[in-house]
>>> print(open('input_28.txt').read())   # compact mmCIF, C-alpha atoms
# COMPACT_ATOMS: atom_id res chain seq x y z
CA MET A 1 4.82 -16.23 4.63
CA MET A 2 3.63 -15.25 8.09
CA ASN A 3 1.25 -17.42 10.02
CA PRO A 4 -1.49 -15.73 12.12
CA ASP A 5 0.51 -15.96 15.36
CA GLU A 6 3.56 -14.32 13.77
CA TYR A 7 1.37 -11.55 12.35
CA ARG A 8 -0.19 -10.90 15.78
CA GLN A 9 3.30 -10.81 17.28
CA LEU A 10 4.45 -8.33 14.62
CA GLN A 11 1.44 -6.11 15.25
CA ALA A 12 1.80 -6.24 19.03
CA PHE A 13 5.45 -5.18 19.00
CA ALA A 14 4.77 -2.54 16.31
CA ARG A 15 2.00 -1.08 18.50
CA ILE A 16 4.37 -0.75 21.43
CA ASP A 17 7.08 0.83 19.29
CA GLY A 18 4.43 3.02 17.65
CA LEU A 19 3.47 4.26 21.11
CA TYR A 20 7.10 5.20 21.81
CA LEU A 21 7.36 7.01 18.48
CA ALA A 22 4.06 8.80 19.08
CA LEU A 23 5.30 9.98 22.47
CA ALA A 24 8.44 11.36 20.82
CA TRP A 25 6.29 13.14 18.21
CA ILE A 26 4.03 14.57 20.92
CA VAL A 27 7.05 15.93 22.78
CA SER A 28 8.34 17.32 19.48
CA PHE A 29 4.98 18.97 18.75
CA ALA A 30 4.85 20.47 22.25
CA CYS A 31 8.37 21.83 21.79
CA TYR A 32 7.34 23.21 18.40
CA ILE A 33 4.35 25.03 19.89
CA MET A 34 6.44 26.42 22.76
CA GLY A 35 9.27 27.05 20.30
CA LEU A 36 7.20 29.64 18.49
CA SER A 37 8.43 31.96 21.22
CA SER A 38 11.66 30.13 22.16
CA PRO A 39 14.19 29.22 19.44
CA MET A 40 15.91 26.58 21.61
CA LEU A 41 12.72 24.55 21.98
CA SER A 42 12.08 24.94 18.26
CA MET A 43 15.47 23.39 17.56
CA LEU A 44 14.71 20.51 19.94
CA ALA A 45 11.44 19.92 18.07
CA SER A 46 13.29 19.77 14.75
CA VAL A 47 15.96 17.40 16.04
CA THR A 48 13.33 15.08 17.52
CA ALA A 49 11.34 15.05 14.28
CA ILE A 50 14.42 14.37 12.15
CA ALA A 51 15.61 11.60 14.50
CA SER A 52 12.28 9.76 14.54
CA PRO A 53 12.85 7.64 11.38
CA PHE A 54 16.17 6.46 12.84
CA PHE A 55 14.47 5.68 16.15
CA ALA A 56 11.97 3.52 14.24
CA GLY A 57 14.86 1.88 12.40
CA ARG A 58 16.52 1.09 15.69
CA ARG A 59 13.29 -0.43 16.99
CA LEU A 60 13.12 -2.54 13.81
CA THR A 61 16.60 -3.92 14.42
CA ALA A 62 15.74 -4.58 18.08
CA PHE A 63 12.67 -6.51 16.94
CA ARG A 64 14.83 -8.46 14.49
CA ASP A 65 17.54 -9.25 17.01
CA HIS A 66 15.52 -9.93 20.15
CA VAL A 67 12.19 -11.26 18.90
CA ARG A 68 13.04 -12.76 15.51
CA GLU A 69 16.40 -14.18 16.70
CA GLY A 70 18.41 -12.13 14.23
CA ILE A 71 16.45 -13.10 11.11
CA ILE A 72 13.95 -10.88 9.31
CA SER A 73 12.82 -10.76 5.70
CA PHE A 74 12.53 -7.58 3.69
CA ARG A 75 8.72 -7.83 3.61
CA ARG A 76 8.40 -8.45 7.33
CA GLY A 77 10.82 -5.62 8.09
CA ALA A 78 8.94 -3.24 5.80
CA ALA A 79 5.61 -4.23 7.36
CA TYR A 80 6.99 -3.74 10.87
CA TYR A 81 8.48 -0.32 10.10
CA PHE A 82 5.32 0.82 8.32
CA LEU A 83 3.13 -0.35 11.19
CA ILE A 84 5.28 1.56 13.69
CA PHE A 85 4.62 4.74 11.68
CA PHE A 86 0.94 3.87 11.20
CA TYR A 87 0.24 3.34 14.90
CA ALA A 88 2.34 6.36 15.89
CA SER A 89 0.49 8.49 13.35
CA MET A 90 -2.89 7.48 14.73
CA LEU A 91 -1.91 8.26 18.33
CA PHE A 92 -0.21 11.50 17.32
CA ALA A 93 -3.30 12.57 15.36
CA LEU A 94 -5.44 12.00 18.44
CA ALA A 95 -3.08 14.08 20.60
CA GLN A 96 -2.93 16.87 18.02
CA TYR A 97 -6.70 16.92 17.73
CA VAL A 98 -7.14 17.20 21.49
CA TYR A 99 -4.64 20.05 21.60
CA LEU A 100 -6.04 21.97 18.62
CA ALA A 101 -9.72 21.47 19.43
CA PHE A 102 -9.62 22.02 23.18
CA LEU A 103 -6.36 23.64 24.31
CA ASP A 104 -5.00 25.83 21.52
CA HIS A 105 -7.79 28.44 21.32
CA GLY A 106 -6.37 29.77 18.04
CA TYR A 107 -2.80 30.30 19.28
CA LEU A 108 -1.10 28.37 16.45
CA VAL A 109 -3.06 29.97 13.60
CA ASN A 110 -2.84 33.45 15.13
CA THR A 111 0.94 33.08 15.50
CA TYR A 112 1.23 32.03 11.84
CA LEU A 113 -0.98 34.93 10.80
CA GLU A 114 1.12 37.33 12.83
CA VAL A 115 4.35 36.10 11.25
CA LEU A 116 2.92 36.10 7.71
CA SER A 117 1.47 39.59 8.20
CA SER A 118 4.81 41.06 9.29
CA ASP A 119 6.65 43.56 7.11
CA GLU A 120 9.50 41.07 6.59
CA ALA A 121 7.13 38.39 5.32
CA LYS A 122 5.38 40.88 3.03
CA THR A 123 8.75 41.89 1.58
CA MET A 124 9.67 38.23 1.04
CA PHE A 125 6.33 37.46 -0.64
CA LYS A 126 6.72 40.54 -2.85
CA ALA A 127 10.20 39.32 -3.90
CA TYR A 128 8.64 35.99 -4.92
CA GLY A 129 5.92 37.73 -6.90
CA VAL A 130 3.03 37.05 -4.53
CA THR A 131 0.48 39.84 -4.80
CA LYS A 132 -1.20 41.47 -1.81
CA ARG A 133 -4.52 39.89 -2.87
CA GLU A 134 -2.95 36.41 -3.02
CA LEU A 135 -1.39 36.95 0.40
CA ASN A 136 -4.74 38.06 1.85
CA ASP A 137 -6.45 35.04 0.28
CA MET A 138 -3.83 32.74 1.79
CA LEU A 139 -4.27 34.30 5.23
CA ALA A 140 -8.06 33.96 4.95
CA GLN A 141 -7.70 30.29 4.01
CA MET A 142 -5.44 29.67 7.00
CA GLN A 143 -8.14 31.03 9.30
CA GLN A 144 -10.62 28.54 7.83
CA ILE A 145 -8.54 25.43 8.61
CA THR A 146 -10.30 23.30 11.21
CA PRO A 147 -8.48 21.05 13.70
CA VAL A 148 -9.75 18.01 11.79
CA ASP A 149 -8.32 19.32 8.50
CA PHE A 150 -4.96 20.06 10.08
CA VAL A 151 -4.77 16.69 11.84
CA LEU A 152 -5.81 14.72 8.76
CA ASN A 153 -3.12 16.42 6.67
CA VAL A 154 -0.43 15.58 9.20
CA LEU A 155 -1.77 12.02 9.59
CA VAL A 156 -1.65 11.35 5.86
CA MET A 157 1.81 12.91 5.59
CA ASN A 158 3.18 10.76 8.44
CA VAL A 159 1.71 7.55 7.03
CA LEU A 160 3.14 8.35 3.57
CA ILE A 161 6.56 9.09 5.04
CA GLY A 162 6.43 5.77 6.90
CA GLY A 163 5.44 4.03 3.68
CA LEU A 164 8.38 5.50 1.81
CA LEU A 165 10.97 5.05 4.55
CA CYS A 166 9.99 1.45 5.29
CA LEU A 167 11.68 0.34 2.06
CA PRO A 168 15.26 1.49 2.71
CA PHE A 169 15.08 0.66 6.42
CA ALA A 170 13.73 -2.84 5.69
CA ALA A 171 16.51 -3.41 3.17
CA TRP A 172 19.06 -2.23 5.72
CA ALA A 173 17.66 -4.44 8.54
CA ARG A 174 17.10 -7.60 6.46
CA ARG A 175 18.99 -10.66 7.66
CA ARG A 176 18.86 -14.26 6.51
CA ASP A 177 20.27 -17.26 8.34
CA ASN A 178 21.94 -15.26 11.12
CA GLN A 179 24.21 -13.21 8.87
CA PRO A 180 26.87 -11.47 10.93
CA THR A 181 26.23 -7.81 11.66
CA LEU A 182 28.81 -5.26 10.61
>>> encode(input="input_28.txt", output="structure tokens")
Amino acid sequence: MMNPDEYRQLQAFARIDGLYLALAWIVSFACYIMGLSSPMLSMLASVTAIASPFFAGRRLTAFRDHVREGIISFRRGAAYYFLIFFYASMLFALAQYVYLAFLDHGYLVNTYLEVLSSDEAKTMFKAYGVTKRELNDMLAQMQQITPVDFVLNVLVMNVLIGGLLCLPFAAWARRRDNQPTL
């Protein structure tokens, strides 16, 4: 069981690591936006996004080794990993909102609409049995998405991913009584 000082310590270090993860996600999002016209940046965005759970896992082991003196329980490890994702998700949501509400001016949605309205996309949708009316309805719904809706969806998704990934990473990082590392 954690005492209040240990809980504050856990939160403080998770906030710092959450900031680092949020910065990585912001760079990834910026590369994604710019990658809509440059495949190389799009690939960098994907690699950064895929690497982020492992970055958080590495921060968890650093917390275990340097702050907790090599000992961390499963519950404390899961809480730490989840809090990293929670704090990163909150900061990332704020950055996304600022971009979408004040800087984007419809670029992201218009690019999606352009891609989905292309002849290639129409052929693909037809092959999957999507009617022209369904496609038009989908495009109309995309135009109605507000920055808040978009950001809340991504926020919830990131928190859920953190909640799911905290379990295997906490099991992997758990150490009792200074067990030797492999």
>>> residues_around(input="input_28.txt", residues="Ser117 (chain A)", least_positions_apart="3", cutoff="12 Å", atoms="all atoms listed in the file", output="PyMOL selection string")
chain A and resi 109-114+120-125+132+135-136+138-140
>>> closest_residue(input="input_28.txt", among="A:Ile33, A:Val67, A:Val27, A:Leu21", to="Leu108 (chain A)", atoms="all atoms listed in the file")
A:Ile33
>>> axis_aligned_box(input="input_28.txt", around="region 124-132 of chain A", padding_each_side="5 Å", output="AutoDock Vina command-line options")
--center_x 4.5 --center_y 38.7 --center_z -2.9 --size_x 21.4 --size_y 15.5 --size_z 17.9
>>> closest_residue(input="input_28.txt", among="A:Leu91, A:Met1, A:Glu69, A:Leu165", to="Tyr20 (chain A)", atoms="only C-alpha atoms")
A:Leu91
>>> closest_residue(input="input_28.txt", among="A:Leu100, A:Ala49, A:Met142, A:Ala78", to="Asn158 (chain A)", atoms="all atoms listed in the file")
A:Ala49
>>> residues_around(input="input_28.txt", residues="Gly18 (chain A)", least_positions_apart="2", cutoff="9 Å", atoms="all atoms listed in the file", output="NGL selection string")
:A and (13-16 or 20-23 or 56 or 83-89 or 91)
>>> residues_around(input="input_28.txt", residues="Asp177 (chain A)", least_positions_apart="4", cutoff="10 Å", atoms="only C-alpha atoms", output="list in words")
Glu69, Gly70, Ile71 and Ile72 of chain A
>>> atom_distance(input="input_28.txt", atom1="CA of Ile145 (chain A)", atom2="CA of Ser42 (chain A)")
22.8 Å
>>> residues_around(input="input_28.txt", residues="Cys31 (chain A)", least_positions_apart="5", cutoff="9 Å", atoms="all atoms listed in the file", output="list in words")
Ile26, Leu36, Ser38, Met40, Leu41, Ser42, Met43, Leu44, Ala45 and Ser46 of chain A
>>> write_last_selection(input="input_28.txt", atoms="C-alpha atoms", output="JSON list (two decimals), keeping the file's coordinate frame")
[["chain", "number", "residue", "atom", "x", "y", "z"],
["A", 26, "ILE", "CA", 4.03, 14.57, 20.92],
["A", 36, "LEU", "CA", 7.20, 29.64, 18.49],
["A", 38, "SER", "CA", 11.66, 30.13, 22.16],
["A", 40, "MET", "CA", 15.91, 26.58, 21.61],
["A", 41, "LEU", "CA", 12.72, 24.55, 21.98],
["A", 42, "SER", "CA", 12.08, 24.94, 18.26],
["A", 43, "MET", "CA", 15.47, 23.39, 17.56],
["A", 44, "LEU", "CA", 14.71, 20.51, 19.94],
["A", 45, "ALA", "CA", 11.44, 19.92, 18.07],
["A", 46, "SER", "CA", 13.29, 19.77, 14.75]]
>>> residues_near_point(input="input_28.txt", point="(-1.5, 12.3, 11.4)", cutoff="10 Å", atoms="only C-alpha atoms", output="list in words")
Phe85, Phe86, Tyr87, Ala88, Ser89, Met90, Leu91, Phe92, Ala93, Leu94, Ala95, Gln96, Tyr97, Phe150, Val151, Leu152, Asn153, Val154, Leu155, Val156, Met157, Asn158, Val159 and Leu160 of chain A
>>> atom_distance(input="input_28.txt", atom1="CA of Phe82 (chain A)", atom2="CA of Ala101 (chain A)")
27.9 Å
>>> atom_distance(input="input_28.txt", atom1="CA of Phe63 (chain A)", atom2="CA of Gly162 (chain A)")
17.0 Å
>>> closest_residue(input="input_28.txt", among="A:Lys126, A:Arg58, A:Arg133, A:Arg64", to="Arg76 (chain A)", atoms="only C-alpha atoms")
A:Arg64
>>> closest_residue(input="input_28.txt", among="A:Val115, A:Ala79, A:Met2, A:Leu103", to="Ser37 (chain A)", atoms="all atoms listed in the file")
A:Val115
>>> closest_residue(input="input_28.txt", among="A:Tyr32, A:Ala24, A:Pro168, A:Val98", to="Phe55 (chain A)", atoms="all atoms listed in the file")
A:Ala24
>>> decode(input="input_28.txt", residues="region 62-84 of chain A", atoms="N, CA, C and O atoms", output="short mmCIF file (atom, residue, chain, number, x, y, z; two decimals), in the first residue's frame")
data_model
loop_
_atom_site.label_atom_id
_atom_site.label_comp_id
_atom_site.auth_asym_id
_atom_site.auth_seq_id
_atom_site.Cartn_x
_atom_site.Cartn_y
_atom_site.Cartn_z
N ALA A 62 12.82 2.98 -15.79
CA ALA A 62 13.72 3.99 -15.22
C ALA A 62 13.20 4.44 -13.86
O ALA A 62 13.99 4.63 -12.93
N PHE A 63 11.89 4.61 -13.74
CA PHE A 63 11.30 4.98 -12.46
C PHE A 63 11.57 3.88 -11.43
O PHE A 63 11.98 4.15 -10.30
N ARG A 64 11.38 2.63 -11.85
CA ARG A 64 11.64 1.50 -10.95
C ARG A 64 13.09 1.47 -10.50
O ARG A 64 13.38 1.35 -9.31
N ASP A 65 14.01 1.60 -11.44
CA ASP A 65 15.42 1.44 -11.13
C ASP A 65 16.03 2.62 -10.40
O ASP A 65 16.87 2.44 -9.51
N HIS A 66 15.64 3.83 -10.76
CA HIS A 66 16.30 5.01 -10.20
C HIS A 66 15.56 5.65 -9.03
O HIS A 66 16.20 6.27 -8.18
N VAL A 67 14.26 5.52 -9.00
CA VAL A 67 13.49 6.16 -7.93
C VAL A 67 13.08 5.13 -6.88
O VAL A 67 13.16 5.39 -5.69
N ARG A 68 12.66 3.95 -7.34
CA ARG A 68 12.17 2.92 -6.43
C ARG A 68 13.26 1.92 -6.05
O ARG A 68 12.97 0.87 -5.49
N GLU A 69 14.51 2.21 -6.40
CA GLU A 69 15.66 1.38 -6.06
C GLU A 69 15.51 -0.06 -6.54
O GLU A 69 15.86 -1.02 -5.86
N GLY A 70 14.97 -0.23 -7.74
CA GLY A 70 14.88 -1.54 -8.36
C GLY A 70 13.69 -2.38 -7.95
O GLY A 70 13.57 -3.52 -8.40
N ILE A 71 12.82 -1.86 -7.12
CA ILE A 71 11.66 -2.63 -6.64
C ILE A 71 10.38 -1.89 -7.01
O ILE A 71 10.24 -0.71 -6.71
N ILE A 72 9.46 -2.60 -7.67
CA ILE A 72 8.15 -2.01 -7.96
C ILE A 72 7.12 -3.14 -8.04
O ILE A 72 7.39 -4.21 -8.60
N SER A 73 5.98 -2.90 -7.44
CA SER A 73 4.90 -3.89 -7.47
C SER A 73 4.15 -3.78 -8.79
O SER A 73 4.26 -2.79 -9.51
N PHE A 74 3.37 -4.80 -9.07
CA PHE A 74 2.54 -4.79 -10.28
C PHE A 74 1.57 -3.61 -10.24
O PHE A 74 1.43 -2.88 -11.23
N ARG A 75 0.90 -3.41 -9.11
CA ARG A 75 -0.09 -2.33 -9.01
C ARG A 75 0.54 -0.96 -9.17
O ARG A 75 0.02 -0.09 -9.86
N ARG A 76 1.67 -0.75 -8.54
CA ARG A 76 2.34 0.54 -8.65
C ARG A 76 2.85 0.76 -10.07
O ARG A 76 2.75 1.85 -10.61
N GLY A 77 3.37 -0.28 -10.69
CA GLY A 77 3.83 -0.18 -12.07
C GLY A 77 2.69 0.12 -13.02
O GLY A 77 2.81 0.95 -13.93
N ALA A 78 1.54 -0.55 -12.82
CA ALA A 78 0.37 -0.31 -13.67
C ALA A 78 -0.13 1.11 -13.48
O ALA A 78 -0.48 1.79 -14.45
N ALA A 79 -0.17 1.57 -12.23
CA ALA A 79 -0.63 2.94 -11.96
C ALA A 79 0.31 3.95 -12.61
O ALA A 79 -0.15 4.93 -13.22
N TYR A 80 1.60 3.72 -12.51
CA TYR A 80 2.57 4.65 -13.09
C TYR A 80 2.42 4.71 -14.61
O TYR A 80 2.35 5.79 -15.19
N TYR A 81 2.36 3.56 -15.25
CA TYR A 81 2.23 3.51 -16.71
C TYR A 81 0.92 4.16 -17.15
O TYR A 81 0.90 4.95 -18.09
N PHE A 82 -0.17 3.85 -16.46
CA PHE A 82 -1.46 4.45 -16.81
C PHE A 82 -1.41 5.96 -16.64
O PHE A 82 -1.92 6.69 -17.50
N LEU A 83 -0.82 6.44 -15.56
CA LEU A 83 -0.75 7.88 -15.34
C LEU A 83 0.11 8.58 -16.40
O LEU A 83 -0.20 9.71 -16.79
N ILE A 84 1.16 7.92 -16.86
CA ILE A 84 1.94 8.51 -17.96
C ILE A 84 1.02 8.75 -19.15
O ILE A 84 1.00 9.84 -19.73
#
